[in-house]
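The next block is query_10.csv, given as CSV, N, CA and C atoms.
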chain,number,residue,atom,x,y,z
A,1,MET,N,25.0,-6.0,8.1
A,1,MET,CA,23.8,-5.2,8.5
A,1,MET,C,23.8,-5.1,10.0
A,2,ASP,N,23.8,-3.9,10.6
A,2,ASP,CA,23.8,-3.8,12.0
A,2,ASP,C,22.3,-3.9,12.6
A,3,THR,N,22.2,-3.9,13.9
A,3,THR,CA,20.9,-4.1,14.5
A,3,THR,C,19.9,-3.1,14.1
A,4,GLU,N,20.3,-1.8,14.0
A,4,GLU,CA,19.4,-0.7,13.6
A,4,GLU,C,18.9,-1.0,12.2
A,5,ASP,N,19.7,-1.4,11.3
A,5,ASP,CA,19.3,-1.7,9.9
A,5,ASP,C,18.3,-2.9,9.9
A,6,GLN,N,18.6,-3.9,10.7
A,6,GLN,CA,17.8,-5.1,10.8
A,6,GLN,C,16.4,-4.7,11.3
A,7,MET,N,16.4,-3.9,12.3
A,7,MET,CA,15.1,-3.4,12.9
A,7,MET,C,14.3,-2.6,11.9
A,8,ARG,N,15.0,-1.8,11.1
A,8,ARG,CA,14.3,-1.0,10.1
A,8,ARG,C,13.7,-1.9,9.0
A,9,ALA,N,14.5,-2.9,8.6
A,9,ALA,CA,14.0,-3.8,7.6
A,9,ALA,C,12.8,-4.6,8.1
A,10,VAL,N,12.8,-5.0,9.4
A,10,VAL,CA,11.6,-5.7,10.0
A,10,VAL,C,10.4,-4.8,10.0
A,11,HIS,N,10.6,-3.5,10.4
A,11,HIS,CA,9.5,-2.6,10.4
A,11,HIS,C,8.9,-2.3,9.0
A,12,ILE,N,9.8,-2.2,8.1
A,12,ILE,CA,9.4,-2.0,6.7
A,12,ILE,C,8.6,-3.2,6.2
A,13,GLU,N,9.0,-4.4,6.5
A,13,GLU,CA,8.3,-5.6,6.1
A,13,GLU,C,7.0,-5.7,6.8
A,14,GLN,N,6.9,-5.4,8.1
A,14,GLN,CA,5.7,-5.4,8.8
A,14,GLN,C,4.7,-4.4,8.2
A,15,LEU,N,5.1,-3.2,7.9
A,15,LEU,CA,4.3,-2.2,7.4
A,15,LEU,C,3.7,-2.6,6.0
A,16,ALA,N,4.6,-3.2,5.2
A,16,ALA,CA,4.2,-3.7,3.9
A,16,ALA,C,3.1,-4.8,4.0
A,17,LYS,N,3.2,-5.7,4.9
A,17,LYS,CA,2.2,-6.7,5.1
A,17,LYS,C,0.9,-6.1,5.7
A,18,LEU,N,1.0,-5.2,6.6
A,18,LEU,CA,-0.1,-4.5,7.1
A,18,LEU,C,-0.9,-3.8,6.0
A,19,LEU,N,-0.2,-3.0,5.2
A,19,LEU,CA,-0.8,-2.3,4.1
A,19,LEU,C,-1.5,-3.2,3.1
A,20,ALA,N,-0.9,-4.4,2.8
A,20,ALA,CA,-1.5,-5.4,2.0
A,20,ALA,C,-2.8,-5.9,2.5
A,21,LEU,N,-2.8,-6.2,3.8
A,21,LEU,CA,-4.0,-6.6,4.5
A,21,LEU,C,-5.1,-5.6,4.5
A,22,VAL,N,-4.8,-4.3,4.8
A,22,VAL,CA,-5.7,-3.2,4.9
A,22,VAL,C,-6.3,-3.0,3.5
A,23,GLN,N,-5.5,-3.1,2.5
A,23,GLN,CA,-6.0,-2.9,1.1
A,23,GLN,C,-7.0,-4.0,0.7
A,24,ASP,N,-6.7,-5.2,1.1
A,24,ASP,CA,-7.6,-6.3,0.8
A,24,ASP,C,-8.9,-6.1,1.5
A,25,VAL,N,-9.0,-5.7,2.7
A,25,VAL,CA,-10.2,-5.4,3.4
A,25,VAL,C,-10.9,-4.2,2.7
A,26,ALA,N,-10.2,-3.2,2.3
A,26,ALA,CA,-10.8,-2.0,1.7
A,26,ALA,C,-11.4,-2.4,0.3
A,27,HIS,N,-10.8,-3.4,-0.4
A,27,HIS,CA,-11.4,-3.9,-1.6
A,27,HIS,C,-12.7,-4.6,-1.4
A,28,LYS,N,-12.8,-5.3,-0.3
A,28,LYS,CA,-14.0,-6.0,0.1
A,28,LYS,C,-15.1,-5.0,0.4
A,29,LEU,N,-14.7,-3.9,1.1
A,29,LEU,CA,-15.6,-2.9,1.5
A,29,LEU,C,-16.2,-2.2,0.2
A,30,ALA,N,-15.3,-1.9,-0.7
A,30,ALA,CA,-15.7,-1.3,-2.0
A,30,ALA,C,-16.7,-2.2,-2.7
A,31,ASN,N,-16.4,-3.5,-2.8
A,31,ASN,CA,-17.3,-4.4,-3.5
A,31,ASN,C,-18.7,-4.5,-2.8
A,32,GLU,N,-18.8,-4.3,-1.5
A,32,GLU,CA,-20.0,-4.4,-0.8
A,32,GLU,C,-20.7,-3.1,-0.6
A,33,SER,N,-20.1,-2.0,-1.1
A,33,SER,CA,-20.7,-0.6,-0.9
A,33,SER,C,-21.5,-0.2,-2.1
A,34,HIS,N,-22.4,0.7,-1.9
A,34,HIS,CA,-23.2,1.2,-3.0
A,34,HIS,C,-23.3,2.7,-2.8
A,35,GLY,N,-23.7,3.4,-3.9
A,35,GLY,CA,-23.9,4.8,-3.9
A,35,GLY,C,-22.6,5.6,-3.5
A,36,ARG,N,-22.8,6.6,-2.7
A,36,ARG,CA,-21.7,7.5,-2.3
A,36,ARG,C,-20.6,6.7,-1.5
A,37,ALA,N,-21.1,5.7,-0.7
A,37,ALA,CA,-20.1,4.9,0.0
A,37,ALA,C,-19.1,4.2,-0.9
A,38,TYR,N,-19.6,3.8,-2.1
A,38,TYR,CA,-18.6,3.1,-3.0
A,38,TYR,C,-17.5,4.1,-3.4
A,39,ASP,N,-17.9,5.3,-3.8
A,39,ASP,CA,-16.9,6.3,-4.2
A,39,ASP,C,-15.9,6.6,-3.1
A,40,GLN,N,-16.3,6.6,-1.9
A,40,GLN,CA,-15.4,6.9,-0.8
A,40,GLN,C,-14.5,5.7,-0.5
A,41,ALA,N,-15.1,4.5,-0.7
A,41,ALA,CA,-14.3,3.2,-0.5
A,41,ALA,C,-13.2,3.1,-1.6
A,42,ARG,N,-13.6,3.5,-2.8
A,42,ARG,CA,-12.7,3.5,-3.9
A,42,ARG,C,-11.6,4.5,-3.7
A,43,GLU,N,-11.9,5.7,-3.3
A,43,GLU,CA,-10.9,6.7,-3.0
A,43,GLU,C,-9.9,6.2,-1.9
A,44,LEU,N,-10.4,5.5,-0.9
A,44,LEU,CA,-9.6,4.9,0.1
A,44,LEU,C,-8.6,3.9,-0.5
A,45,ASN,N,-9.1,3.1,-1.4
A,45,ASN,CA,-8.3,2.1,-2.1
A,45,ASN,C,-7.2,2.8,-2.9
A,46,GLU,N,-7.5,3.9,-3.5
A,46,GLU,CA,-6.5,4.6,-4.3
A,46,GLU,C,-5.4,5.2,-3.4
A,47,ILE,N,-5.7,5.7,-2.2
A,47,ILE,CA,-4.8,6.2,-1.3
A,47,ILE,C,-3.9,5.0,-0.8
A,48,LEU,N,-4.5,3.9,-0.5
A,48,LEU,CA,-3.8,2.7,0.0
A,48,LEU,C,-2.8,2.2,-1.0
A,49,HIS,N,-3.3,2.3,-2.3
A,49,HIS,CA,-2.4,1.8,-3.4
A,49,HIS,C,-1.1,2.7,-3.4
A,50,LEU,N,-1.3,4.0,-3.3
A,50,LEU,CA,-0.2,4.9,-3.3
A,50,LEU,C,0.8,4.6,-2.1
A,51,ALA,N,0.2,4.3,-1.0
A,51,ALA,CA,1.0,4.0,0.2
A,51,ALA,C,1.8,2.7,0.0
A,52,ARG,N,1.2,1.7,-0.7
A,52,ARG,CA,1.9,0.5,-1.0
A,52,ARG,C,3.0,0.7,-2.0
A,53,VAL,N,2.8,1.5,-2.9
A,53,VAL,CA,3.9,1.8,-3.9
A,53,VAL,C,5.0,2.5,-3.2
A,54,GLN,N,4.7,3.4,-2.3
A,54,GLN,CA,5.7,4.2,-1.5
A,54,GLN,C,6.5,3.2,-0.6
A,55,ILE,N,5.8,2.3,0.1
A,55,ILE,CA,6.5,1.3,1.0
A,55,ILE,C,7.4,0.4,0.1
A,56,SER,N,7.0,0.1,-1.1
A,56,SER,CA,7.8,-0.7,-2.0
A,56,SER,C,9.1,0.1,-2.4
A,57,THR,N,8.9,1.4,-2.6
A,57,THR,CA,10.1,2.2,-2.9
A,57,THR,C,11.1,2.2,-1.7
A,58,ILE,N,10.5,2.4,-0.5
A,58,ILE,CA,11.3,2.4,0.7
A,58,ILE,C,12.0,1.1,0.8
A,59,GLN,N,11.4,0.0,0.6
A,59,GLN,CA,12.0,-1.4,0.7
A,59,GLN,C,13.2,-1.5,-0.3
A,60,ASP,N,12.9,-1.0,-1.5
A,60,ASP,CA,14.0,-1.0,-2.6
A,60,ASP,C,15.2,-0.2,-2.1
A,61,GLU,N,14.9,1.0,-1.6
A,61,GLU,CA,16.0,1.9,-1.2
A,61,GLU,C,16.8,1.3,0.1
A,62,ALA,N,16.0,0.6,0.9
A,62,ALA,CA,16.6,0.1,2.1
A,62,ALA,C,17.4,-1.2,1.9
A,63,GLY,N,17.2,-1.7,0.7
A,63,GLY,CA,17.9,-3.0,0.3
A,63,GLY,C,17.4,-4.2,1.1
A,64,SER,N,16.1,-4.1,1.5
A,64,SER,CA,15.5,-5.2,2.3
A,64,SER,C,15.0,-6.4,1.5
A,65,GLY,N,15.5,-6.4,0.2
A,65,GLY,CA,15.1,-7.6,-0.6
A,65,GLY,C,13.8,-7.3,-1.3
A,66,ALA,N,13.2,-8.4,-1.8
A,66,ALA,CA,12.0,-8.2,-2.6
A,66,ALA,C,10.8,-7.8,-1.7
A,67,PRO,N,10.0,-6.9,-2.3
A,67,PRO,CA,8.9,-6.4,-1.5
A,67,PRO,C,8.0,-7.6,-1.0
A,68,ILE,N,7.5,-7.5,0.2
A,68,ILE,CA,6.7,-8.6,0.8
A,68,ILE,C,5.2,-8.3,0.5
A,69,GLY,N,4.5,-9.1,-0.2
A,69,GLY,CA,3.1,-8.9,-0.4
A,69,GLY,C,2.7,-7.7,-1.2
A,70,VAL,N,3.6,-7.1,-1.9
A,70,VAL,CA,3.3,-5.9,-2.6
A,70,VAL,C,3.3,-6.2,-4.1
A,71,GLU,N,2.2,-6.0,-4.7
A,71,GLU,CA,2.0,-6.1,-6.2
A,71,GLU,C,2.0,-4.7,-6.8
A,72,ARG,N,2.8,-4.5,-7.8
A,72,ARG,CA,2.7,-3.2,-8.4
A,72,ARG,C,1.6,-3.2,-9.4
A,73,ARG,N,0.6,-2.4,-9.2
A,73,ARG,CA,-0.5,-2.2,-10.2
A,73,ARG,C,-0.6,-0.8,-10.5
A,74,ARG,N,-1.2,-0.5,-11.7
A,74,ARG,CA,-1.4,0.8,-12.0
A,74,ARG,C,-2.6,1.4,-11.2
A,75,ALA,N,-2.4,2.5,-10.6
A,75,ALA,CA,-3.4,3.1,-9.8
A,75,ALA,C,-4.5,3.6,-10.7
A,76,PRO,N,-5.8,3.4,-10.2
A,76,PRO,CA,-6.9,4.0,-11.0
A,76,PRO,C,-6.8,5.5,-11.1
A,77,ARG,N,-7.4,6.0,-12.1
A,77,ARG,CA,-7.4,7.5,-12.2
A,77,ARG,C,-8.2,8.1,-11.2
A,78,SER,N,-7.8,9.1,-10.6
A,78,SER,CA,-8.5,9.8,-9.6
A,78,SER,C,-8.0,11.2,-9.4
A,79,ARG,N,-8.6,12.0,-8.5
A,79,ARG,CA,-8.1,13.3,-8.3
A,79,ARG,C,-6.8,13.3,-7.5
A,80,PHE,N,-6.3,12.1,-7.1
A,80,PHE,CA,-5.1,11.9,-6.4
A,80,PHE,C,-3.9,11.7,-7.4
A,81,ALA,N,-4.2,11.6,-8.7
A,81,ALA,CA,-3.2,11.2,-9.7
A,81,ALA,C,-2.1,12.2,-9.7
A,82,ASP,N,-2.3,13.5,-9.4
A,82,ASP,CA,-1.2,14.4,-9.4
A,82,ASP,C,-0.4,14.3,-8.1
A,83,LEU,N,-0.7,13.5,-7.2
A,83,LEU,CA,0.1,13.4,-5.9
A,83,LEU,C,1.2,12.3,-6.1
A,84,SER,N,1.0,11.4,-7.1
A,84,SER,CA,2.0,10.3,-7.2
A,84,SER,C,3.3,10.7,-7.9
Show the structure stored in the file as structure tokens.
Amino acid sequence: MDTEDQMRAVHIEQLAKLLALVQDVAHKLANESHGRAYDQARELNEILHLARVQISTIQDEAGSGAPIGVERRRAPRSRFADLS
């Protein structure tokens, strides 16, 4: 693996960890939200879930090993379902 590939793998790993952290905070936000804010927080979580699935796919294709901190879960149904 050359230096460019190593840097790409590091960036992918960092992004995966960052997305996991952001999604955890967004889950907390949804749990503490009420009314319309809850729907918006849930929508954010759905988008973040799709982003984590995508970074996992990138990791697999880049051969960077097992995804870091990424759990594959079924995305909740939403109006974004047709984007996945």
I need the residue nearest Glu13 (chain A) from this list: A:Gln59, A:Ser33, A:Gln54, A:Gln40. Use all atoms listed in the file for the distance.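 Using all atoms listed in the file, Glu13 (chain A) sits closest to A:Gln59.
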re CA of Gln23 (chain A) and CA of His49 (chain A): distance 7.4 Å
Selection near Leu29 (chain A), 8 Å with all atoms listed in the file, sequence-local residues under 6 positions removed, as a PyMOL selection string: chain A and resi 23+37-38+41-42
Kindly export the residues of the current selection with N, CA and C atoms, as a PDB file, in the coordinates of the input.
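Saved as out-v9.pdb:
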ATOM      1  N   GLN A  23      -5.500  -3.100   2.500  1.00  0.00           N
ATOM      2  CA  GLN A  23      -6.000  -2.900   1.100  1.00  0.00           C
ATOM      3  C   GLN A  23      -7.000  -4.000   0.700  1.00  0.00           C
ATOM      4  N   ALA A  37     -21.100   5.700  -0.700  1.00  0.00           N
ATOM      5  CA  ALA A  37     -20.100   4.900   0.000  1.00  0.00           C
ATOM      6  C   ALA A  37     -19.100   4.200  -0.900  1.00  0.00           C
ATOM      7  N   TYR A  38     -19.600   3.800  -2.100  1.00  0.00           N
ATOM      8  CA  TYR A  38     -18.600   3.100  -3.000  1.00  0.00           C
ATOM      9  C   TYR A  38     -17.500   4.100  -3.400  1.00  0.00           C
ATOM     10  N   ALA A  41     -15.100   4.500  -0.700  1.00  0.00           N
ATOM     11  CA  ALA A  41     -14.300   3.200  -0.500  1.00  0.00           C
ATOM     12  C   ALA A  41     -13.200   3.100  -1.600  1.00  0.00           C
ATOM     13  N   ARG A  42     -13.600   3.500  -2.800  1.00  0.00           N
ATOM     14  CA  ARG A  42     -12.700   3.500  -3.900  1.00  0.00           C
ATOM     15  C   ARG A  42     -11.600   4.500  -3.700  1.00  0.00           C
TER      16      ARG A  42
END
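One distance worth recording is that between atom C of Ala16 (chain A) and CA of Glu46 (chain A), which is 15.8 Å.
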State, in Å with one decimal place, the distance from CA of Gln14 (chain A) to CA of Glu32 (chain A).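 We find that CA of Gln14 (chain A) and CA of Glu32 (chain A) lie 27.5 Å from each other.
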Have a look at A:Ala62, A:Ala26, A:Met7, A:Thr57 and name the one nearest to Glu43 (chain A); count only C-alpha atoms. A:Ala26
Quick one: of A:His34, A:Val22, A:Leu15, A:Thr3, who's nearest to Ile47 (chain A), counting only C-alpha atoms?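 Among the listed residues, the smallest separation from Ile47 (chain A) belongs to A:Val22.
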Nearest candidate to Ala20 (chain A) (options A:Gly63, A:Leu48, A:Arg8, A:Ile58; using all atoms listed in the file):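 Of A:Gly63, A:Leu48, A:Arg8, A:Ile58, the one nearest Ala20 (chain A) is A:Leu48, counting all atoms listed in the file.
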